[in-house]
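Asker: Structure provided below as structure tokens; questions to follow.
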Amino acid sequence: MGRRLSEEEKRVWDQLSRTITPLAPKGRRPIGAPGAAVPSAPATAGKGEVKPEAVAATGKKVRGRVPPALPPKPAAAPAPKGPDQLHLDGSWEKRIAKGTLVPDFSLDLHGSNLDLAWRRLMDGLAQGKAMGARVILVVTGRPRPVDAMDRGESRGAIRAKIKDWLTVSEHAHDIVAIRGAHRRHGGAGALYIVLKRRR
């Protein structure tokens with residue numbers, strides 16, 4: 001137990017305690033100031049201070065600052081179109097439909113395995129571009145159901161994969177469109193590849 005304060009120390013302590021604003025919570029009496037009231041919080045909150053209770057949109061009371069509404073999410077950009085979805089003007093579409101489109105270069109992949117067909121397709125496109133061809137006819141064979149594990153021996157495998165090959169190839173940026181061939185050029189077993197005009 002500590003020593004008792006002297007009369008002089010009690011007098012100094014009493015004078016000092018009158019100059020101090022207590023920090024006790026609301027409803028409690030601060031030590032050394034019996035019956036003293038705690039000042040209430042200001043009616044309005046300044047910048048940087050926590051605002052009083054706010055009512056959320058749900059009707060429930062929320063303590064603290066209400067965050068501003070989030071900006072609307074930007075609309076998702078449309079997925080880029082593959083070469084087989086790109087638009088050709090009406091004259092091209094009419095020529096394809098009537099069978100009057102004349103290919104500048106033909107490439108027959110029918111009967112090749114997938115590895116050989118890929119190499120012949122890439123080499124053929126490079127040759128066609130070097131010649132200034134606008135339309136290349138590619139004979140693929142008729143489409144047939146192909147197992148995902150196909151090793152390139154099943155009939156219809158080339159036709160099932162050729163659009164994917166063209167989309168990821170080094171020639172993709174030169175391809176304007178891919179269209180099914182007219183029956184005079186092989187019908188369902190062939191494709192027209194329309195290339196950009198060489199400058």
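Letters A, B, ... mark the chains of the structure tokens in the order given; residue numbers begin at 1 per chain; ligand numbers begin at 1, in order shown.
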Just want the 8 Å neighbourhood of Ala133 in chain A, counted on only C-alpha atoms, with same-chain residues fewer than 6 positions away dropped. Output as a list in words.

Answerer: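 Those residues are Asp104, Phe105 and Leu195 of chain A.
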
Asker: Write the selection just made, keeping all heavy atoms, as a compact mmCIF listing (two decimals), in the first residue's frame?

Answerer:
```
# COMPACT_ATOMS: atom_id res chain seq x y z
N ASP A 104 -8.33 -18.63 -107.84
CA ASP A 104 -7.04 -18.28 -108.46
C ASP A 104 -6.02 -19.39 -108.24
O ASP A 104 -5.00 -19.46 -108.94
CB ASP A 104 -6.50 -16.99 -107.83
CG ASP A 104 -7.45 -15.82 -108.02
OD1 ASP A 104 -7.84 -15.55 -109.17
OD2 ASP A 104 -7.81 -15.18 -107.01
N PHE A 105 -6.26 -20.22 -107.24
CA PHE A 105 -5.27 -21.23 -106.86
C PHE A 105 -6.01 -22.36 -106.17
O PHE A 105 -6.95 -22.11 -105.41
CB PHE A 105 -4.24 -20.59 -105.93
CG PHE A 105 -3.11 -21.48 -105.50
CD1 PHE A 105 -2.06 -21.76 -106.37
CD2 PHE A 105 -3.07 -22.03 -104.22
CE1 PHE A 105 -1.00 -22.56 -105.97
CE2 PHE A 105 -2.02 -22.84 -103.82
CZ PHE A 105 -0.99 -23.10 -104.70
N LEU A 195 -8.64 -14.07 -99.59
CA LEU A 195 -7.51 -13.34 -99.02
C LEU A 195 -7.63 -11.84 -99.28
O LEU A 195 -8.33 -11.41 -100.20
CB LEU A 195 -6.18 -13.84 -99.64
CG LEU A 195 -5.86 -15.33 -99.45
CD1 LEU A 195 -4.58 -15.68 -100.20
CD2 LEU A 195 -5.73 -15.66 -97.99
```

Asker: So what do you get for CA of Gly180 in chain A versus CA of Ala130 in chain A, distance-wise?

Answerer: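 Spanning CA of Gly180 in chain A to CA of Ala130 in chain A is a straight-line distance of 23.5 Å.
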
Asker: Tell me, as a ChimeraX atom specification, which residues lie within 12 Å of Ala172 in chain A, counting only C-alpha atoms; anything in the same chain fewer than 3 positions away does not count.

Answerer: /A:81-84,122,125-126,163-169,175-178,193-196

Asker: For the selection you just gave me, I'd like the residues written to a file as a compact mmCIF listing (two decimals), in the first residue's frame, keeping N, CA and C atoms.

Answerer:
```
# COMPACT_ATOMS: atom_id res chain seq x y z
N LYS A 81 -14.49 -11.98 -84.37
CA LYS A 81 -15.06 -12.93 -85.32
C LYS A 81 -13.96 -13.75 -85.97
N GLY A 82 -14.28 -15.04 -86.18
CA GLY A 82 -13.37 -15.89 -86.92
C GLY A 82 -13.53 -15.61 -88.41
N PRO A 83 -12.57 -16.08 -89.23
CA PRO A 83 -12.63 -15.81 -90.68
C PRO A 83 -13.90 -16.32 -91.33
N ASP A 84 -14.51 -17.38 -90.77
CA ASP A 84 -15.72 -17.91 -91.39
C ASP A 84 -16.96 -17.10 -91.04
N MET A 122 -0.23 -24.69 -95.08
CA MET A 122 0.58 -23.51 -94.78
C MET A 122 1.45 -23.12 -95.99
N LEU A 125 -0.86 -21.71 -98.82
CA LEU A 125 -1.28 -20.33 -98.58
C LEU A 125 -0.15 -19.35 -98.84
N ALA A 126 1.06 -19.70 -98.44
CA ALA A 126 2.21 -18.83 -98.70
C ALA A 126 2.43 -18.68 -100.21
N LYS A 163 -10.55 -25.09 -90.02
CA LYS A 163 -10.88 -23.71 -89.61
C LYS A 163 -10.07 -23.30 -88.37
N ASP A 164 -9.87 -24.25 -87.47
CA ASP A 164 -9.02 -23.96 -86.31
C ASP A 164 -7.59 -23.70 -86.75
N TRP A 165 -7.10 -24.49 -87.68
CA TRP A 165 -5.74 -24.29 -88.19
C TRP A 165 -5.59 -22.89 -88.79
N LEU A 166 -6.56 -22.50 -89.60
CA LEU A 166 -6.47 -21.20 -90.27
C LEU A 166 -6.54 -20.05 -89.26
N THR A 167 -7.36 -20.22 -88.23
CA THR A 167 -7.53 -19.16 -87.23
C THR A 167 -6.24 -18.89 -86.46
N VAL A 168 -5.46 -19.93 -86.18
CA VAL A 168 -4.23 -19.75 -85.39
C VAL A 168 -2.97 -19.69 -86.24
N SER A 169 -3.11 -19.75 -87.54
CA SER A 169 -1.93 -19.78 -88.40
C SER A 169 -1.31 -18.40 -88.60
N ILE A 175 -6.48 -13.44 -94.11
CA ILE A 175 -7.71 -14.10 -94.56
C ILE A 175 -8.91 -13.18 -94.32
N VAL A 176 -9.65 -12.89 -95.36
CA VAL A 176 -10.86 -12.06 -95.25
C VAL A 176 -12.05 -12.91 -94.83
N ALA A 177 -12.20 -14.08 -95.41
CA ALA A 177 -13.36 -14.93 -95.11
C ALA A 177 -13.10 -16.36 -95.56
N ILE A 178 -13.87 -17.28 -94.98
CA ILE A 178 -13.87 -18.69 -95.38
C ILE A 178 -15.31 -19.06 -95.70
N ILE A 193 -11.09 -19.90 -99.56
CA ILE A 193 -10.41 -18.99 -98.64
C ILE A 193 -10.19 -17.69 -99.40
N VAL A 194 -10.82 -16.62 -98.92
CA VAL A 194 -10.71 -15.31 -99.57
C VAL A 194 -9.64 -14.51 -98.84
N LEU A 195 -8.64 -14.07 -99.59
CA LEU A 195 -7.51 -13.34 -99.02
C LEU A 195 -7.63 -11.84 -99.28
N LYS A 196 -6.93 -11.05 -98.46
CA LYS A 196 -6.88 -9.60 -98.68
C LYS A 196 -6.16 -9.33 -100.00
```

Asker: For each of A:Leu191, A:Ala181, A:Val139, A:Ala157, take the minimum atom-to-atom distance to Gly99 in chain A, counting only C-alpha atoms, then give the residue where this is smallest.

Answerer: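 When distances to Gly99 in chain A are compared using only C-alpha atoms, the smallest one comes from A:Ala181.
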
Asker: Hey, what does DSSP flag as alpha helix (DSSP H) within range 96-179 of chain A? Can you give it to me as a PyMOL selection string?

Answerer: chain A and resi 96-98+114-130+157-168

Asker: Could the residues in this selection be saved with N, CA, C and O atoms as a short mmCIF file (atom, residue, chain, number, x, y, z; two decimals), in the first residue's frame?

Answerer:
```cif
data_model
loop_
_atom_site.label_atom_id
_atom_site.label_comp_id
_atom_site.auth_asym_id
_atom_site.auth_seq_id
_atom_site.Cartn_x
_atom_site.Cartn_y
_atom_site.Cartn_z
N ILE A 96 -20.51 -16.74 -105.14
CA ILE A 96 -20.33 -18.03 -104.47
C ILE A 96 -21.59 -18.88 -104.62
O ILE A 96 -21.53 -20.07 -104.95
N ALA A 97 -22.76 -18.26 -104.38
CA ALA A 97 -24.02 -19.00 -104.44
C ALA A 97 -24.31 -19.52 -105.85
O ALA A 97 -24.85 -20.61 -106.02
N LYS A 98 -23.96 -18.73 -106.88
CA LYS A 98 -24.25 -19.12 -108.27
C LYS A 98 -23.16 -20.01 -108.87
O LYS A 98 -23.34 -20.56 -109.96
N LEU A 114 -3.05 -35.69 -90.93
CA LEU A 114 -3.15 -34.33 -90.39
C LEU A 114 -1.83 -33.56 -90.46
O LEU A 114 -1.82 -32.36 -90.79
N ASP A 115 -0.73 -34.21 -90.15
CA ASP A 115 0.56 -33.52 -90.19
C ASP A 115 0.89 -33.03 -91.60
O ASP A 115 1.30 -31.88 -91.80
N LEU A 116 0.71 -33.91 -92.57
CA LEU A 116 1.00 -33.55 -93.96
C LEU A 116 0.03 -32.48 -94.45
O LEU A 116 0.42 -31.53 -95.14
N ALA A 117 -1.27 -32.61 -94.08
CA ALA A 117 -2.27 -31.63 -94.50
C ALA A 117 -1.94 -30.25 -93.95
O ALA A 117 -2.08 -29.24 -94.66
N TRP A 118 -1.52 -30.17 -92.70
CA TRP A 118 -1.13 -28.88 -92.10
C TRP A 118 0.01 -28.24 -92.87
O TRP A 118 -0.04 -27.05 -93.23
N ARG A 119 1.06 -29.02 -93.16
CA ARG A 119 2.22 -28.45 -93.88
C ARG A 119 1.84 -28.01 -95.29
O ARG A 119 2.23 -26.92 -95.74
N ARG A 120 1.03 -28.82 -95.97
CA ARG A 120 0.63 -28.47 -97.34
C ARG A 120 -0.26 -27.23 -97.34
O ARG A 120 -0.16 -26.39 -98.24
N LEU A 121 -1.13 -27.10 -96.32
CA LEU A 121 -1.99 -25.93 -96.23
C LEU A 121 -1.17 -24.66 -96.00
O LEU A 121 -1.39 -23.64 -96.67
N MET A 122 -0.23 -24.69 -95.08
CA MET A 122 0.58 -23.51 -94.78
C MET A 122 1.45 -23.12 -95.99
O MET A 122 1.54 -21.94 -96.36
N ASP A 123 2.06 -24.14 -96.63
CA ASP A 123 2.89 -23.86 -97.81
C ASP A 123 2.04 -23.35 -98.97
O ASP A 123 2.44 -22.43 -99.71
N GLY A 124 0.85 -23.95 -99.13
CA GLY A 124 -0.02 -23.53 -100.22
C GLY A 124 -0.52 -22.10 -100.05
O GLY A 124 -0.60 -21.34 -101.02
N LEU A 125 -0.86 -21.71 -98.82
CA LEU A 125 -1.28 -20.33 -98.58
C LEU A 125 -0.15 -19.35 -98.84
O LEU A 125 -0.36 -18.27 -99.43
N ALA A 126 1.06 -19.70 -98.44
CA ALA A 126 2.21 -18.83 -98.70
C ALA A 126 2.43 -18.68 -100.21
O ALA A 126 2.69 -17.57 -100.71
N GLN A 127 2.31 -19.78 -100.96
CA GLN A 127 2.47 -19.74 -102.41
C GLN A 127 1.37 -18.91 -103.05
O GLN A 127 1.63 -18.09 -103.94
N GLY A 128 0.13 -19.12 -102.61
CA GLY A 128 -0.99 -18.36 -103.17
C GLY A 128 -0.83 -16.87 -102.93
O GLY A 128 -1.09 -16.05 -103.84
N LYS A 129 -0.40 -16.47 -101.74
CA LYS A 129 -0.19 -15.04 -101.45
C LYS A 129 0.93 -14.48 -102.31
O LYS A 129 0.83 -13.35 -102.81
N ALA A 130 1.99 -15.26 -102.51
CA ALA A 130 3.11 -14.80 -103.34
C ALA A 130 2.66 -14.59 -104.79
O ALA A 130 3.19 -13.72 -105.49
N ALA A 157 -11.26 -35.88 -90.91
CA ALA A 157 -10.47 -35.23 -89.86
C ALA A 157 -9.94 -33.87 -90.32
O ALA A 157 -9.91 -32.91 -89.54
N ILE A 158 -9.53 -33.76 -91.57
CA ILE A 158 -8.98 -32.49 -92.07
C ILE A 158 -10.06 -31.43 -92.07
O ILE A 158 -9.85 -30.30 -91.60
N ARG A 159 -11.23 -31.78 -92.60
CA ARG A 159 -12.32 -30.81 -92.64
C ARG A 159 -12.71 -30.36 -91.23
O ARG A 159 -13.05 -29.20 -91.01
N ALA A 160 -12.65 -31.26 -90.26
CA ALA A 160 -13.04 -30.93 -88.89
C ALA A 160 -12.06 -29.96 -88.23
O ALA A 160 -12.43 -29.22 -87.33
N LYS A 161 -10.82 -29.93 -88.70
CA LYS A 161 -9.78 -29.14 -88.03
C LYS A 161 -9.32 -27.91 -88.82
O LYS A 161 -8.66 -27.04 -88.26
N ILE A 162 -9.66 -27.82 -90.09
CA ILE A 162 -9.04 -26.80 -90.93
C ILE A 162 -9.35 -25.37 -90.50
O ILE A 162 -8.48 -24.50 -90.55
N LYS A 163 -10.55 -25.09 -90.02
CA LYS A 163 -10.88 -23.71 -89.61
C LYS A 163 -10.07 -23.30 -88.37
O LYS A 163 -9.63 -22.16 -88.27
N ASP A 164 -9.87 -24.25 -87.47
CA ASP A 164 -9.02 -23.96 -86.31
C ASP A 164 -7.59 -23.70 -86.75
O ASP A 164 -6.92 -22.81 -86.25
N TRP A 165 -7.10 -24.49 -87.68
CA TRP A 165 -5.74 -24.29 -88.19
C TRP A 165 -5.59 -22.89 -88.79
O TRP A 165 -4.61 -22.19 -88.53
N LEU A 166 -6.56 -22.50 -89.60
CA LEU A 166 -6.47 -21.20 -90.27
C LEU A 166 -6.54 -20.05 -89.26
O LEU A 166 -5.85 -19.04 -89.41
N THR A 167 -7.36 -20.22 -88.23
CA THR A 167 -7.53 -19.16 -87.23
C THR A 167 -6.24 -18.89 -86.46
O THR A 167 -5.95 -17.74 -86.12
N VAL A 168 -5.46 -19.93 -86.18
CA VAL A 168 -4.23 -19.75 -85.39
C VAL A 168 -2.97 -19.69 -86.24
O VAL A 168 -1.88 -19.56 -85.70
#
```

Asker: Grab the CA of Leu107 in chain A to CA of Asp89 in chain A distance for me, in Å with one decimal place.

Answerer: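 CA of Leu107 in chain A sits 24.7 Å away from CA of Asp89 in chain A.
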
Asker: Of the residues A:Thr140, A:Gln15, A:Thr21, A:Ser6, which is the one nearest to Gly111 in chain A, using only C-alpha atoms?

Answerer: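 Selected residue with least distance to Gly111 in chain A: A:Thr140.
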